[in-house]
>>> print(open('upload-v7.pdb').read())   # PDB, C-alpha atoms
ATOM      1  CA  MET A   1     124.631 167.062 220.155
ATOM      2  CA  LYS A   2     126.656 169.968 221.553
ATOM      3  CA  ASN A   3     128.440 167.695 224.030
ATOM      4  CA  SER A   4     129.361 165.271 221.249
ATOM      5  CA  LEU A   5     130.702 168.096 219.068
ATOM      6  CA  LEU A   6     132.651 169.514 222.003
ATOM      7  CA  LYS A   7     134.234 166.132 222.759
ATOM      8  CA  THR A   8     135.206 165.686 219.099
ATOM      9  CA  LEU A   9     136.729 169.167 218.962
ATOM     10  CA  THR A  10     138.607 168.601 222.230
ATOM     11  CA  CYS A  11     139.970 165.287 220.963
ATOM     12  CA  PHE A  12     141.083 166.885 217.685
ATOM     13  CA  LEU A  13     142.865 169.727 219.485
ATOM     14  CA  SER A  14     144.562 167.287 221.829
ATOM     15  CA  LEU A  15     145.866 165.192 218.938
ATOM     16  CA  SER A  16     147.061 168.290 217.090
ATOM     17  CA  LEU A  17     148.823 169.570 220.184
ATOM     18  CA  ALA A  18     150.457 166.191 220.814
ATOM     19  CA  SER A  19     151.728 165.982 217.240
ATOM     20  CA  ASN A  20     153.432 169.369 217.622
ATOM     21  CA  LEU A  21     154.980 168.733 221.025
ATOM     22  CA  ALA A  22     158.752 168.648 221.094
ATOM     23  CA  PHE A  23     161.094 167.641 223.874
ATOM     24  CA  SER A  24     164.812 167.779 224.500
ATOM     25  CA  LEU A  25     166.634 164.791 223.042
ATOM     26  CA  SER A  26     168.572 162.614 225.474
ATOM     27  CA  ALA A  27     172.356 163.112 225.244
ATOM     28  CA  VAL A  28     174.802 161.772 227.837
ATOM     29  CA  VAL A  29     178.590 161.694 228.104
ATOM     30  CA  VAL A  30     179.701 158.045 227.955
ATOM     31  CA  SER A  31     183.419 158.526 228.540
ATOM     32  CA  THR A  32     186.232 161.077 228.514
ATOM     33  CA  ASN A  33     189.968 160.736 228.160
ATOM     34  CA  GLY A  34     192.465 163.502 228.915
ATOM     35  CA  LYS A  35     191.352 167.111 229.232
ATOM     36  CA  VAL A  36     187.670 167.543 228.344
ATOM     37  CA  GLU A  37     185.737 170.626 229.440
ATOM     38  CA  ILE A  38     182.282 172.161 229.120
ATOM     39  CA  GLN A  39     181.559 175.870 229.248
ATOM     40  CA  LYS A  40     179.403 177.067 232.145
ATOM     41  CA  GLY A  41     178.792 180.786 231.882
ATOM     42  CA  GLU A  42     182.213 182.416 231.477
ATOM     43  CA  GLU A  43     184.104 179.467 232.929
ATOM     44  CA  TRP A  44     185.268 176.108 231.599
ATOM     45  CA  VAL A  45     184.808 173.163 233.958
ATOM     46  CA  PRO A  46     185.813 169.476 233.632
ATOM     47  CA  LEU A  47     183.314 167.284 231.771
ATOM     48  CA  ILE A  48     182.864 163.833 233.248
ATOM     49  CA  ALA A  49     181.073 160.630 232.251
ATOM     50  CA  GLY A  50     177.382 160.641 233.099
ATOM     51  CA  THR A  51     176.892 164.363 232.439
ATOM     52  CA  THR A  52     173.728 165.269 230.518
ATOM     53  CA  ILE A  53     174.331 167.424 227.444
ATOM     54  CA  SER A  54     171.805 170.098 226.491
ATOM     55  CA  THR A  55     171.160 172.453 223.601
ATOM     56  CA  GLY A  56     173.580 175.364 223.755
ATOM     57  CA  ASP A  57     176.386 173.467 225.489
ATOM     58  CA  CYS A  58     179.926 174.108 224.263
ATOM     59  CA  ILE A  59     182.448 171.279 224.708
ATOM     60  CA  SER A  60     186.210 171.345 224.223
ATOM     61  CA  THR A  61     188.925 168.664 224.211
ATOM     62  CA  GLY A  62     192.637 169.143 224.817
ATOM     63  CA  PHE A  63     195.797 167.617 223.379
ATOM     64  CA  LYS A  64     195.618 163.801 223.146
ATOM     65  CA  SER A  65     192.073 163.921 224.561
ATOM     66  CA  GLU A  66     188.728 162.436 223.540
ATOM     67  CA  ALA A  67     185.060 162.450 224.532
ATOM     68  CA  VAL A  68     182.252 160.049 223.608
ATOM     69  CA  ILE A  69     178.626 161.218 223.747
ATOM     70  CA  GLN A  70     175.558 159.012 223.365
ATOM     71  CA  ILE A  71     172.593 160.692 221.669
ATOM     72  CA  ASN A  72     169.766 158.153 221.892
ATOM     73  CA  SER A  73     171.069 155.304 219.704
ATOM     74  CA  SER A  74     173.731 157.407 217.963
ATOM     75  CA  THR A  75     177.326 157.923 219.096
ATOM     76  CA  LEU A  76     179.394 161.086 218.697
ATOM     77  CA  THR A  77     183.153 160.987 219.318
ATOM     78  CA  LEU A  78     185.189 164.178 219.705
ATOM     79  CA  GLY A  79     188.854 163.940 218.737
ATOM     80  CA  ALA A  80     191.753 165.873 220.245
ATOM     81  CA  LEU A  81     191.809 169.698 220.113
ATOM     82  CA  THR A  82     188.135 169.849 219.157
ATOM     83  CA  ARG A  83     185.468 172.362 220.101
ATOM     84  CA  ILE A  84     181.777 171.889 219.344
ATOM     85  CA  THR A  85     178.532 173.686 220.139
ATOM     86  CA  VAL A  86     175.269 171.763 220.420
ATOM     87  CA  GLU A  87     172.875 173.768 218.262
ATOM     88  CA  LYS A  88     169.860 171.482 218.509
ATOM     89  CA  LEU A  89     168.665 168.406 220.424
ATOM     90  CA  LEU A  90     165.016 167.875 219.589
ATOM     91  CA  GLU A  91     162.681 164.931 220.044
ATOM     92  CA  SER A  92     159.333 165.379 218.270
ATOM     93  CA  GLN A  93     156.561 162.914 217.483
ATOM     94  CA  ASN A  94     158.266 161.105 214.592
ATOM     95  CA  VAL A  95     161.860 162.316 214.396
ATOM     96  CA  ASP A  96     164.934 162.906 216.560
ATOM     97  CA  GLU A  97     166.983 165.896 215.411
ATOM     98  CA  THR A  98     170.580 166.717 216.283
ATOM     99  CA  LYS A  99     172.623 169.682 215.046
ATOM    100  CA  ILE A 100     176.273 170.127 215.961
ATOM    101  CA  PHE A 101     178.569 173.021 215.069
ATOM    102  CA  ILE A 102     182.300 172.241 215.016
ATOM    103  CA  ASP A 103     184.696 175.181 215.350
ATOM    104  CA  THR A 104     187.976 173.269 215.417
ATOM    105  CA  GLY A 105     189.232 169.680 215.366
ATOM    106  CA  SER A 106     187.369 166.583 214.215
ATOM    107  CA  ILE A 107     184.436 164.390 215.147
ATOM    108  CA  SER A 108     183.319 160.879 214.235
ATOM    109  CA  ALA A 109     179.675 159.857 214.304
ATOM    110  CA  ASP A 110     177.788 156.592 214.098
ATOM    111  CA  VAL A 111     174.192 157.604 213.424
ATOM    112  CA  LYS A 112     171.498 155.005 214.049
ATOM    113  CA  HIS A 113     167.722 155.303 214.181
ATOM    114  CA  THR A 114     165.520 153.690 216.768
ATOM    115  CA  GLU A 115     162.562 151.527 215.807
ATOM    116  CA  GLU A 116     159.660 153.481 214.312
ATOM    117  CA  ARG A 117     161.555 156.773 214.654
ATOM    118  CA  LYS A 118     163.476 158.794 212.090
ATOM    119  CA  VAL A 119     166.774 160.512 212.774
ATOM    120  CA  GLY A 120     167.949 163.835 211.396
ATOM    121  CA  PHE A 121     171.638 164.431 212.138
ATOM    122  CA  LYS A 122     173.508 167.494 210.887
ATOM    123  CA  VAL A 123     177.052 168.736 211.472
ATOM    124  CA  SER A 124     178.085 172.245 210.427
ATOM    125  CA  SER A 125     181.406 174.083 210.309
ATOM    126  CA  PRO A 126     182.407 177.563 209.117
ATOM    127  CA  VAL A 127     182.922 176.166 205.581
ATOM    128  CA  ALA A 128     180.373 173.366 205.024
ATOM    129  CA  THR A 129     177.398 171.383 206.342
ATOM    130  CA  ALA A 130     176.903 167.607 206.431
ATOM    131  CA  SER A 131     173.461 165.974 206.767
ATOM    132  CA  VAL A 132     173.222 162.230 207.357
ATOM    133  CA  ARG A 133     170.866 159.272 207.765
ATOM    134  CA  GLY A 134     171.947 155.901 209.179
ATOM    135  CA  THR A 135     175.584 156.716 208.539
ATOM    136  CA  SER A 136     179.097 156.460 209.955
ATOM    137  CA  PHE A 137     181.398 159.348 209.057
ATOM    138  CA  THR A 138     184.295 161.570 210.134
ATOM    139  CA  TYR A 139     184.133 165.344 209.765
ATOM    140  CA  THR A 140     186.683 168.073 210.472
ATOM    141  CA  ALA A 141     186.261 171.809 210.981
ATOM    142  CA  ASP A 142     187.985 172.583 207.666
ATOM    143  CA  GLY A 143     185.183 170.783 205.805
ATOM    144  CA  THR A 144     186.905 167.449 205.167
ATOM    145  CA  LEU A 145     184.307 164.662 205.123
ATOM    146  CA  LYS A 146     185.004 160.920 205.014
ATOM    147  CA  THR A 147     182.015 158.568 204.831
ATOM    148  CA  GLN A 148     182.521 155.063 206.228
ATOM    149  CA  GLU A 149     178.944 153.834 205.812
ATOM    150  CA  GLY A 150     175.727 155.067 204.210
ATOM    151  CA  LEU A 151     175.268 158.503 202.615
ATOM    152  CA  VAL A 152     176.157 162.035 203.689
ATOM    153  CA  SER A 153     174.733 165.082 201.935
ATOM    154  CA  LYS A 154     177.344 167.861 201.969
ATOM    155  CA  GLY A 155     176.427 171.462 201.258
ATOM    156  CA  TRP A 156     177.307 175.095 201.895
ATOM    157  CA  ALA A 157     177.958 176.367 205.405
ATOM    158  CA  GLU A 158     174.780 177.596 207.085
ATOM    159  CA  SER A 159     176.696 180.002 209.299
ATOM    160  CA  ARG A 160     180.248 180.987 210.181
ATOM    161  CA  SER A 161     179.405 180.628 213.873
ATOM    162  CA  PRO A 162     177.064 178.500 216.038
ATOM    163  CA  ARG A 163     173.317 179.217 215.937
ATOM    164  CA  VAL A 164     171.641 177.636 218.941
ATOM    165  CA  GLU A 165     167.968 176.757 218.390
ATOM    166  CA  LYS A 166     166.377 177.194 221.797
ATOM    167  CA  ASP A 167     162.853 177.303 220.387
ATOM    168  CA  PRO A 168     162.977 175.523 217.001
ATOM    169  CA  THR A 169     160.033 176.173 214.714
ATOM    170  CA  GLU A 170     161.166 174.275 211.634
ATOM    171  CA  SER A 171     161.895 170.580 211.434
ATOM    172  CA  PHE A 172     163.145 168.385 208.596
ATOM    173  CA  GLU A 173     161.929 164.793 208.518
ATOM    174  CA  PRO A 174     164.240 162.445 206.575
ATOM    175  CA  LYS A 175     162.660 159.722 204.469
ATOM    176  CA  ASP A 176     162.615 156.088 205.549
ATOM    177  CA  GLY A 177     164.909 153.449 204.098
ATOM    178  CA  GLU A 178     168.545 152.449 203.884
ATOM    179  CA  SER A 179     171.013 154.682 202.049
ATOM    180  CA  SER A 180     172.550 153.375 198.827
ATOM    181  CA  VAL A 181     174.067 154.694 195.601
ATOM    182  CA  PHE A 182     170.505 155.280 194.368
ATOM    183  CA  THR A 183     169.529 157.442 197.360
ATOM    184  CA  SER A 184     168.918 161.120 196.670
ATOM    185  CA  THR A 185     170.427 163.755 198.953
ATOM    186  CA  SER A 186     166.917 165.218 199.280
ATOM    187  CA  ASP A 187     166.044 162.106 201.304
ATOM    188  CA  VAL A 188     168.463 163.100 204.057
ATOM    189  CA  SER A 189     168.620 166.886 203.827
ATOM    190  CA  SER A 190     166.293 169.809 203.236
ATOM    191  CA  ASP A 191     168.957 171.419 201.039
ATOM    192  CA  ALA A 192     170.397 170.052 197.816
ATOM    193  CA  GLY A 193     173.901 168.821 198.574
ATOM    194  CA  ILE A 194     176.746 166.761 197.167
ATOM    195  CA  PRO A 195     176.318 163.018 197.826
ATOM    196  CA  VAL A 196     179.295 161.439 199.605
ATOM    197  CA  TYR A 197     178.854 157.667 199.819
ATOM    198  CA  ALA A 198     180.711 155.009 201.804
ATOM    199  CA  GLY A 199     184.419 155.008 201.007
ATOM    200  CA  GLN A 200     184.347 158.502 199.494
ATOM    201  CA  THR A 201     185.939 161.771 200.657
ATOM    202  CA  SER A 202     185.080 165.414 200.078
ATOM    203  CA  THR A 203     186.934 168.570 201.122
ATOM    204  CA  SER A 204     185.894 172.217 200.900
ATOM    205  CA  GLU A 205     187.537 175.248 199.334
ATOM    206  CA  GLU A 206     188.564 177.431 202.284
ATOM    207  CA  THR A 207     187.994 180.877 200.738
ATOM    208  CA  GLU A 208     184.687 180.440 198.924
ATOM    209  CA  GLY A 209     183.431 177.488 200.980
ATOM    210  CA  PHE A 210     182.137 175.331 198.106
ATOM    211  CA  ALA A 211     182.433 171.556 198.478
ATOM    212  CA  TYR A 212     184.384 169.364 196.081
ATOM    213  CA  THR A 213     182.598 166.269 194.816
ATOM    214  CA  PRO A 214     184.299 162.916 195.527
ATOM    215  CA  GLN A 215     185.271 162.766 191.832
ATOM    216  CA  GLU A 216     186.853 166.230 191.999
ATOM    217  CA  GLN A 217     188.546 165.205 195.252
ATOM    218  CA  LYS A 218     190.189 162.215 193.537
ATOM    219  CA  ALA A 219     191.403 164.468 190.731
ATOM    220  CA  ILE A 220     192.897 166.872 193.288
ATOM    221  CA  GLU A 221     194.634 164.040 195.116
ATOM    222  CA  SER A 222     195.986 162.591 191.865
ATOM    223  CA  SER A 223     197.281 166.017 190.824
ATOM    224  CA  THR A 224     198.924 166.488 194.226
ATOM    225  CA  ILE A 225     200.658 163.103 193.979
ATOM    226  CA  GLU A 226     201.835 163.867 190.415
ATOM    227  CA  ASN A 227     203.210 167.282 191.437
ATOM    228  CA  SER A 228     204.964 165.747 194.445
ATOM    229  CA  THR A 229     206.546 163.097 192.212
ATOM    230  CA  GLN A 230     207.747 165.726 189.740
ATOM    231  CA  THR A 231     209.196 167.851 192.558
ATOM    232  CA  LEU A 232     210.978 164.836 194.039
ATOM    233  CA  SER A 233     212.415 163.887 190.631
ATOM    234  CA  SER A 234     213.612 167.466 190.120
ATOM    235  CA  GLN A 235     215.274 167.507 193.540
ATOM    236  CA  GLU A 236     216.959 164.170 192.871
ATOM    237  CA  SER A 237     218.194 165.443 189.510
ATOM    238  CA  GLU A 238     219.607 168.608 191.073
ATOM    239  CA  SER A 239     221.248 166.559 193.814
ATOM    240  CA  SER A 240     222.811 164.269 191.203
ATOM    241  CA  GLY A 241     224.033 167.278 189.229
ATOM    242  CA  SER A 242     225.683 168.781 192.329
ATOM    243  CA  ALA A 243     227.496 165.530 193.021
ATOM    244  CA  THR A 244     228.777 165.380 189.423
ATOM    245  CA  ALA A 245     229.895 168.988 189.579
ATOM    246  CA  THR A 246     231.822 168.387 192.808
ATOM    247  CA  THR A 247     233.615 165.360 191.318
ATOM    248  CA  GLN A 248     234.525 167.247 188.152
ATOM    249  CA  LEU A 249     235.840 170.280 190.029
ATOM    250  CA  THR A 250     237.969 168.019 192.236
ATOM    251  CA  THR A 251     239.477 166.450 189.109
ATOM    252  CA  ILE A 252     240.102 169.877 187.564
ATOM    253  CA  SER A 253     241.859 171.158 190.694
ATOM    254  CA  SER A 254     244.089 168.096 190.670
ATOM    255  CA  THR A 255     244.956 168.725 187.000
ATOM    256  CA  LYS A 256     245.853 172.364 187.717
ATOM    257  CA  GLU A 257     248.237 171.397 190.494
ATOM    258  CA  THR A 258     250.054 168.972 188.168
ATOM    259  CA  THR A 259     250.249 171.014 184.964
ATOM    260  CA  GLY A 260     249.795 174.589 186.115
ATOM    261  CA  TYR A 261     246.890 175.030 183.701
ATOM    262  CA  LEU A 262     243.141 175.021 184.344
ATOM    263  CA  VAL A 263     241.289 173.350 181.508
ATOM    264  CA  ILE A 264     237.540 172.708 181.720
ATOM    265  CA  THR A 265     236.219 170.314 179.092
ATOM    266  CA  ALA A 266     233.344 168.628 180.984
ATOM    267  CA  THR A 267     229.660 169.651 180.707
ATOM    268  CA  ILE A 268     227.732 169.566 183.969
ATOM    269  CA  SER A 269     224.253 168.112 183.405
ATOM    270  CA  LYS A 270     221.317 168.739 185.737
TER     271      LYS A 270
END
>>> encode(input="upload-v7.pdb", output="structure tokens")
Amino acid sequence: MKNSLLKTLTCFLSLSLASNLAFSLSAVVVSTNGKVEIQKGEEWVPLIAGTTISTGDCISTGFKSEAVIQINSSTLTLGALTRITVEKLLESQNVDETKIFIDTGSISADVKHTEERKVGFKVSSPVATASVRGTSFTYTADGTLKTQEGLVSKGWAESRSPRVEKDPTESFEPKDGESSVFTSTSDVSSDAGIPVYAGQTSTSEETEGFAYTPQEQKAIESSTIENSTQTLSSQESESSGSATATTQLTTISSTKETTGYLVITATISK
């Protein structure tokens, strides 16, 4: 009886321990182009294809440079003049979690889940945070988000600087399913965020850090275009007025030379 109870208890503890085990997620550099470096201690050294990326690594790209990193089935591409810090690479029983902090530049990501595993993918900057599930998107350090496929939940910045999770204790498990216009942001993020679907764009206010909804973004863009059009029309009008004034003054000078009198009868319109 005691042996049977002991075996049952041992089995239960083993299963509980296994369910809580977490390992480092596989991340490897696929390719680099131009100047790409990784920080080792106080020094920056060249980053080459085949290098394994770990939690805490800081990667930087130079002018006209690019780096592609494979994180399990997902792909992360760093654009030129970009610097990122890998905050989290975690593989637990049911979910693969990745957290990237971008200081400068831009990144593009194609996030895909493997069979029977969920994927939590989050990108943060000093002004905003983007959480995704089965999504392709582009994100810049100033908080500009463009979703090419799926859904991205965009919220407030979690920190103004990188926070590396060496020993993560909390884990968010996204819900199963494909993202659509009916998907809630709570399915892909632990925090309530603004939904940015495929084909939509969202920027962030630099001072306060709040994110504009795609609808607000369109209004901003429309207002910018309208103001630019008005400014251009005003400049063209002023330019036209200057030309008229020059012609009229030339005529007046010619009249003065002939008659000895200066008579101005024209009205210059702007």
>>> atom_distance(input="upload-v7.pdb", atom1="CA of Pro195 (chain A)", atom2="CA of Thr213 (chain A)")
7.7 Å
>>> closest_residue(input="upload-v7.pdb", among="A:Ser24, A:Thr51, A:Asn33, A:Gln200", to="Leu78 (chain A)", atoms="all atoms listed in the file")
A:Asn33
>>> closest_residue(input="upload-v7.pdb", among="A:Val127, A:Val30, A:Ile107, A:Leu90", to="Thr77 (chain A)", atoms="all atoms listed in the file")
A:Ile107
>>> resolve_selection(input="upload-v7.pdb", expression="the PyMOL selection byres ((chain A and resi 134) around 9)", output="PyMOL selection string")
chain A and resi 110-113+119+132-133+135-136+149-151+178-179
>>> atom_distance(input="upload-v7.pdb", atom1="CA of Gly56 (chain A)", atom2="CA of Lys88 (chain A)")
7.5 Å
>>> closest_residue(input="upload-v7.pdb", among="A:Ser60, A:Ser223, A:Gln215, A:Thr203", to="Thr85 (chain A)", atoms="all atoms listed in the file")
A:Ser60
>>> residues_around(input="upload-v7.pdb", residues="Tyr212 (chain A)", least_positions_apart="5", cutoff="6 Å", atoms="all atoms listed in the file", output="ChimeraX atom specification")
/A:202-204,217
>>> write_last_selection(input="upload-v7.pdb", atoms="C-alpha atoms", output="tab-separated table (two decimals), in the coordinates of the input")
chain	number	residue	atom	x	y	z
A	202	SER	CA	185.08	165.41	200.08
A	203	THR	CA	186.93	168.57	201.12
A	204	SER	CA	185.89	172.22	200.90
A	217	GLN	CA	188.55	165.20	195.25
>>> atom_distance(input="upload-v7.pdb", atom1="CA of Lys64 (chain A)", atom2="CA of Tyr197 (chain A)")
29.4 Å
>>> closest_residue(input="upload-v7.pdb", among="A:Ala109, A:Leu89, A:Ala141, A:Val152", to="Phe23 (chain A)", atoms="all atoms listed in the file")
A:Leu89
>>> residues_around(input="upload-v7.pdb", residues="Ser125 (chain A)", least_positions_apart="2", cutoff="12 Å", atoms="all atoms listed in the file", output="number ranges by chain")
A: 82-85, 87, 99-107, 122-123, 127-131, 139-145, 154-163, 204, 206, 209
